[in-house]
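J.: One structure is given below, represented as structure tokens, and several questions about it will come after.
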Amino acid sequence: MNGLRKSYGDFTAVRDISFEVPQGEIFALLGRNGAGKTTTMEVLAGFQAPDGGPGGGTVRVLGLDPVRDRARVRRSVGIMLQEAGFFPDLTVAQTVDAWRDFVAAPRPRDEALELTSLGSKAATRVRQLSGGEKRRLDLALAILSRPDVLFLDEPTTGMDPEARRRTWEVILDLARQGTTILLTTHYLEEAQRLASSMAIMDRGRIVAGGGMAETLAAQTGRVAFDLPLSVGVEELPVPGATLEGGTVVCRVTEPDLAAQTLLGWAGERGLRLRGLEVRTATLEDLFLDLSADEKNDERSGEKSGERNEREVV
């Protein structure tokens, strides 16, 4: 995808975004509601066309145009959207059998149900399924065709923790077998666990992206502990330490080294660092940093506007 732009009337949902996903990779497309993730996925799946003309960008899936070559693309693509329409009075087995009629060389029904842990629900009517079980049925239908490319839009919404982790294993196994997967999710732990690369969207633009490990390694990690009595935060041997309540928080690029320095310093003084927590940066940290930057930009814009208004007056 290169320079994708998608508008609805005067509203631009996606603004000149570009990324590429190699075969067998899981790519997480992240962002808040309304960021443009679902529109991007719908364009890739061929449900929407980019804006007309050269300004709309170029979109290719398996080397094909997903709109012009939609029939050829759909044979090799599985799609799990946020909401799927089921016939509530059909059983799970009947639903899969009905869907298999539309797929060339589909997986056997029992295999699809076993992969998604729905074998025990084969005779259950769809209307009796929980929200999480319906999502697993969505996934069973999406993988029936053994797709080369799989689009997953919020795949584990409504699932309990055990079902979510089983679904993660299914997704990882599919990638190991060569399936290329585009994932959107609001569960940041899920994205960090599954994806090897990602992009974060905001207001239709990509504001951060790249390899997951490399991107997070460039962010600040966190060392936290209870401040010992009779010690001031200014005495600590690491820069940028702040006091939040009675807890010292150090945001550093190399938290392991900072923790070693702190432990050595404390040992020399006979101090204990109670409640010591050391962790590398997470996607949640990155999101919070981006949100803070956005708020600062908005405040700067407001102050600039106020200043200009005073100058005009």
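In the structure tokens, the first chain shown is A, the next is B, and so on; residue numbers restart at 1 for each chain, and ligands run from 1 in the order shown.
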Each residue of region 126-236 of chain A lying at most 10 Å from region 31-50 of chain A should get a row with its shortest atom-to-atom pair and the distance in Å to one decimal, counting only C-alpha atoms; could you produce that, ordered by chain and increasing number, as a Markdown table?
T.:
| residue | atom | partner | partner_atom | distance |
| --- | --- | --- | --- | --- |
| A:Val149 | CA | A:Ala45 | CA | 9.8 |
| A:Leu150 | CA | A:Ala45 | CA | 9.5 |
| A:Phe151 | CA | A:Met41 | CA | 7.3 |
| A:Leu152 | CA | A:Met41 | CA | 8.9 |
| A:Asp153 | CA | A:Thr38 | CA | 7.4 |
| A:Glu154 | CA | A:Thr38 | CA | 9.8 |
| A:Leu182 | CA | A:Met41 | CA | 8.1 |
| A:Leu183 | CA | A:Met41 | CA | 9.1 |
| A:Thr184 | CA | A:Lys37 | CA | 7.1 |
| A:Thr185 | CA | A:Gly31 | CA | 8.4 |
| A:His186 | CA | A:Gly31 | CA | 7.6 |
| A:Leu188 | CA | A:Gly31 | CA | 9.9 |
| A:Ala199 | CA | A:Gly31 | CA | 8.4 |
| A:Ile200 | CA | A:Gly31 | CA | 5.3 |
| A:Met201 | CA | A:Gly31 | CA | 4.9 |
| A:Asp202 | CA | A:Ala35 | CA | 4.7 |
| A:Arg203 | CA | A:Ala35 | CA | 4.7 |
| A:Gly204 | CA | A:Gly36 | CA | 4.9 |
| A:Arg205 | CA | A:Ala35 | CA | 7.7 |
| A:Ile206 | CA | A:Gly31 | CA | 9.1 |
| A:Val207 | CA | A:Gly31 | CA | 9.5 |
J.: Please identify the strand (DSSP E) residues within region 49-298 of chain A (assignment by DSSP from backbone atoms) and present them as a ChimeraX atom specification.
T.: /A:77-80,149-153,180-184,197-202,205-211,221-226,241-244,247-252,277-279
J.: Check region 4-219 of chain A with DSSP on the backbone and list each residue it calls alpha helix (DSSP H), as a PDB file with C-alpha atoms, in the first residue's frame.
T.:
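See selection-v9.pdb below for the written result:
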ATOM      1  CA  LYS A  37      -8.201   1.439  10.817  1.00  0.00           C
ATOM      2  CA  THR A  38     -11.429  -0.219   9.673  1.00  0.00           C
ATOM      3  CA  THR A  39     -11.604   1.944   6.534  1.00  0.00           C
ATOM      4  CA  THR A  40      -8.051   0.906   5.675  1.00  0.00           C
ATOM      5  CA  MET A  41      -8.911  -2.746   6.146  1.00  0.00           C
ATOM      6  CA  GLU A  42     -12.062  -2.420   4.030  1.00  0.00           C
ATOM      7  CA  VAL A  43     -10.029  -0.901   1.199  1.00  0.00           C
ATOM      8  CA  LEU A  44      -7.504  -3.731   1.399  1.00  0.00           C
ATOM      9  CA  ARG A  70     -11.727  -8.635  -6.370  1.00  0.00           C
ATOM     10  CA  ALA A  71     -12.828 -12.121  -7.429  1.00  0.00           C
ATOM     11  CA  ARG A  72      -9.229 -13.380  -7.684  1.00  0.00           C
ATOM     12  CA  VAL A  73      -8.224 -11.706  -4.411  1.00  0.00           C
ATOM     13  CA  ARG A  74     -11.178 -13.080  -2.468  1.00  0.00           C
ATOM     14  CA  VAL A  92     -22.761 -23.953  14.610  1.00  0.00           C
ATOM     15  CA  ALA A  93     -22.184 -27.017  12.405  1.00  0.00           C
ATOM     16  CA  GLN A  94     -24.918 -25.956   9.964  1.00  0.00           C
ATOM     17  CA  THR A  95     -23.433 -22.462   9.764  1.00  0.00           C
ATOM     18  CA  VAL A  96     -19.998 -23.811   8.871  1.00  0.00           C
ATOM     19  CA  ASP A  97     -21.487 -26.265   6.344  1.00  0.00           C
ATOM     20  CA  ALA A  98     -23.437 -23.455   4.672  1.00  0.00           C
ATOM     21  CA  TRP A  99     -20.307 -21.312   4.452  1.00  0.00           C
ATOM     22  CA  ARG A 100     -18.249 -24.181   3.031  1.00  0.00           C
ATOM     23  CA  ARG A 109     -15.971 -28.691   9.191  1.00  0.00           C
ATOM     24  CA  ASP A 110     -14.595 -30.583  12.185  1.00  0.00           C
ATOM     25  CA  GLU A 111     -11.092 -29.239  11.570  1.00  0.00           C
ATOM     26  CA  ALA A 112     -12.323 -25.625  11.512  1.00  0.00           C
ATOM     27  CA  LEU A 113     -14.326 -26.125  14.708  1.00  0.00           C
ATOM     28  CA  GLU A 114     -11.459 -27.887  16.449  1.00  0.00           C
ATOM     29  CA  LEU A 115      -9.033 -25.103  15.561  1.00  0.00           C
ATOM     30  CA  GLY A 131     -20.333 -13.025  22.328  1.00  0.00           C
ATOM     31  CA  GLY A 132     -16.895 -14.607  22.547  1.00  0.00           C
ATOM     32  CA  GLU A 133     -18.122 -17.869  21.017  1.00  0.00           C
ATOM     33  CA  LYS A 134     -19.614 -15.949  18.100  1.00  0.00           C
ATOM     34  CA  ARG A 135     -16.234 -14.320  17.531  1.00  0.00           C
ATOM     35  CA  ARG A 136     -14.640 -17.770  17.439  1.00  0.00           C
ATOM     36  CA  LEU A 137     -17.257 -18.837  14.896  1.00  0.00           C
ATOM     37  CA  ASP A 138     -16.331 -15.746  12.855  1.00  0.00           C
ATOM     38  CA  LEU A 139     -12.735 -16.920  12.919  1.00  0.00           C
ATOM     39  CA  ALA A 140     -13.695 -20.478  11.910  1.00  0.00           C
ATOM     40  CA  LEU A 141     -15.452 -19.099   8.827  1.00  0.00           C
ATOM     41  CA  ALA A 142     -12.548 -16.766   7.996  1.00  0.00           C
ATOM     42  CA  PRO A 161      -8.862 -14.739  28.962  1.00  0.00           C
ATOM     43  CA  GLU A 162      -8.534 -18.482  28.272  1.00  0.00           C
ATOM     44  CA  ALA A 163     -10.365 -18.292  24.931  1.00  0.00           C
ATOM     45  CA  ARG A 164      -8.339 -15.223  23.983  1.00  0.00           C
ATOM     46  CA  ARG A 165      -5.049 -17.021  24.566  1.00  0.00           C
ATOM     47  CA  ARG A 166      -6.220 -20.080  22.607  1.00  0.00           C
ATOM     48  CA  THR A 167      -7.159 -17.782  19.746  1.00  0.00           C
ATOM     49  CA  TRP A 168      -3.709 -16.190  19.898  1.00  0.00           C
ATOM     50  CA  GLU A 169      -2.170 -19.618  19.401  1.00  0.00           C
ATOM     51  CA  VAL A 170      -4.379 -20.233  16.346  1.00  0.00           C
ATOM     52  CA  ILE A 171      -3.307 -16.894  14.855  1.00  0.00           C
ATOM     53  CA  LEU A 172       0.386 -17.544  15.544  1.00  0.00           C
ATOM     54  CA  ASP A 173       0.141 -21.045  14.033  1.00  0.00           C
ATOM     55  CA  LEU A 174      -1.443 -19.631  10.879  1.00  0.00           C
ATOM     56  CA  ALA A 175       1.428 -17.148  10.537  1.00  0.00           C
ATOM     57  CA  ARG A 176       3.989 -19.924  11.050  1.00  0.00           C
ATOM     58  CA  LEU A 188      -2.480  -3.610  23.296  1.00  0.00           C
ATOM     59  CA  GLU A 189      -1.117  -6.706  25.025  1.00  0.00           C
ATOM     60  CA  GLU A 190      -2.605  -8.753  22.190  1.00  0.00           C
ATOM     61  CA  ALA A 191      -0.916  -6.661  19.515  1.00  0.00           C
ATOM     62  CA  GLN A 192       2.417  -6.748  21.337  1.00  0.00           C
ATOM     63  CA  ARG A 193       2.170 -10.513  21.823  1.00  0.00           C
ATOM     64  CA  LEU A 194       1.221 -11.354  18.241  1.00  0.00           C
ATOM     65  CA  MET A 212       7.488  -4.069  17.084  1.00  0.00           C
ATOM     66  CA  ALA A 213      10.688  -4.915  18.973  1.00  0.00           C
ATOM     67  CA  GLU A 214      12.695  -2.079  17.431  1.00  0.00           C
ATOM     68  CA  THR A 215       9.957   0.506  17.999  1.00  0.00           C
ATOM     69  CA  LEU A 216       9.495  -0.416  21.648  1.00  0.00           C
ATOM     70  CA  ALA A 217      13.248  -0.621  22.264  1.00  0.00           C
TER      71      ALA A 217
END
J.: One number please: CA of Glu284 (chain A) to CA of Tyr187 (chain A), in Å, one decimal.
T.: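 So the two atoms, CA of Glu284 (chain A) and CA of Tyr187 (chain A), lie 9.5 Å apart.
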J.: Using only C-alpha atoms, which residues sit within 7 Å of region 56-62 of chain A once same-chain residues fewer than 6 positions away are excluded, as a PyMOL selection string?
T.: chain A and resi 1-6+44+50
J.: CA of Ser145 (chain A) and CA of Thr179 (chain A), how far apart in Å?
T.: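 CA of Thr179 (chain A) sits 11.5 Å away from CA of Ser145 (chain A).
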J.: If you count only C-alpha atoms, which residues fall within 8 Å of Thr280 (chain A), apart from same-chain ones fewer than 5 positions away, as a list in words?
T.: Leu216, Ala217, Thr220, Gly221, Arg222, Glu254 and Pro255 of chain A
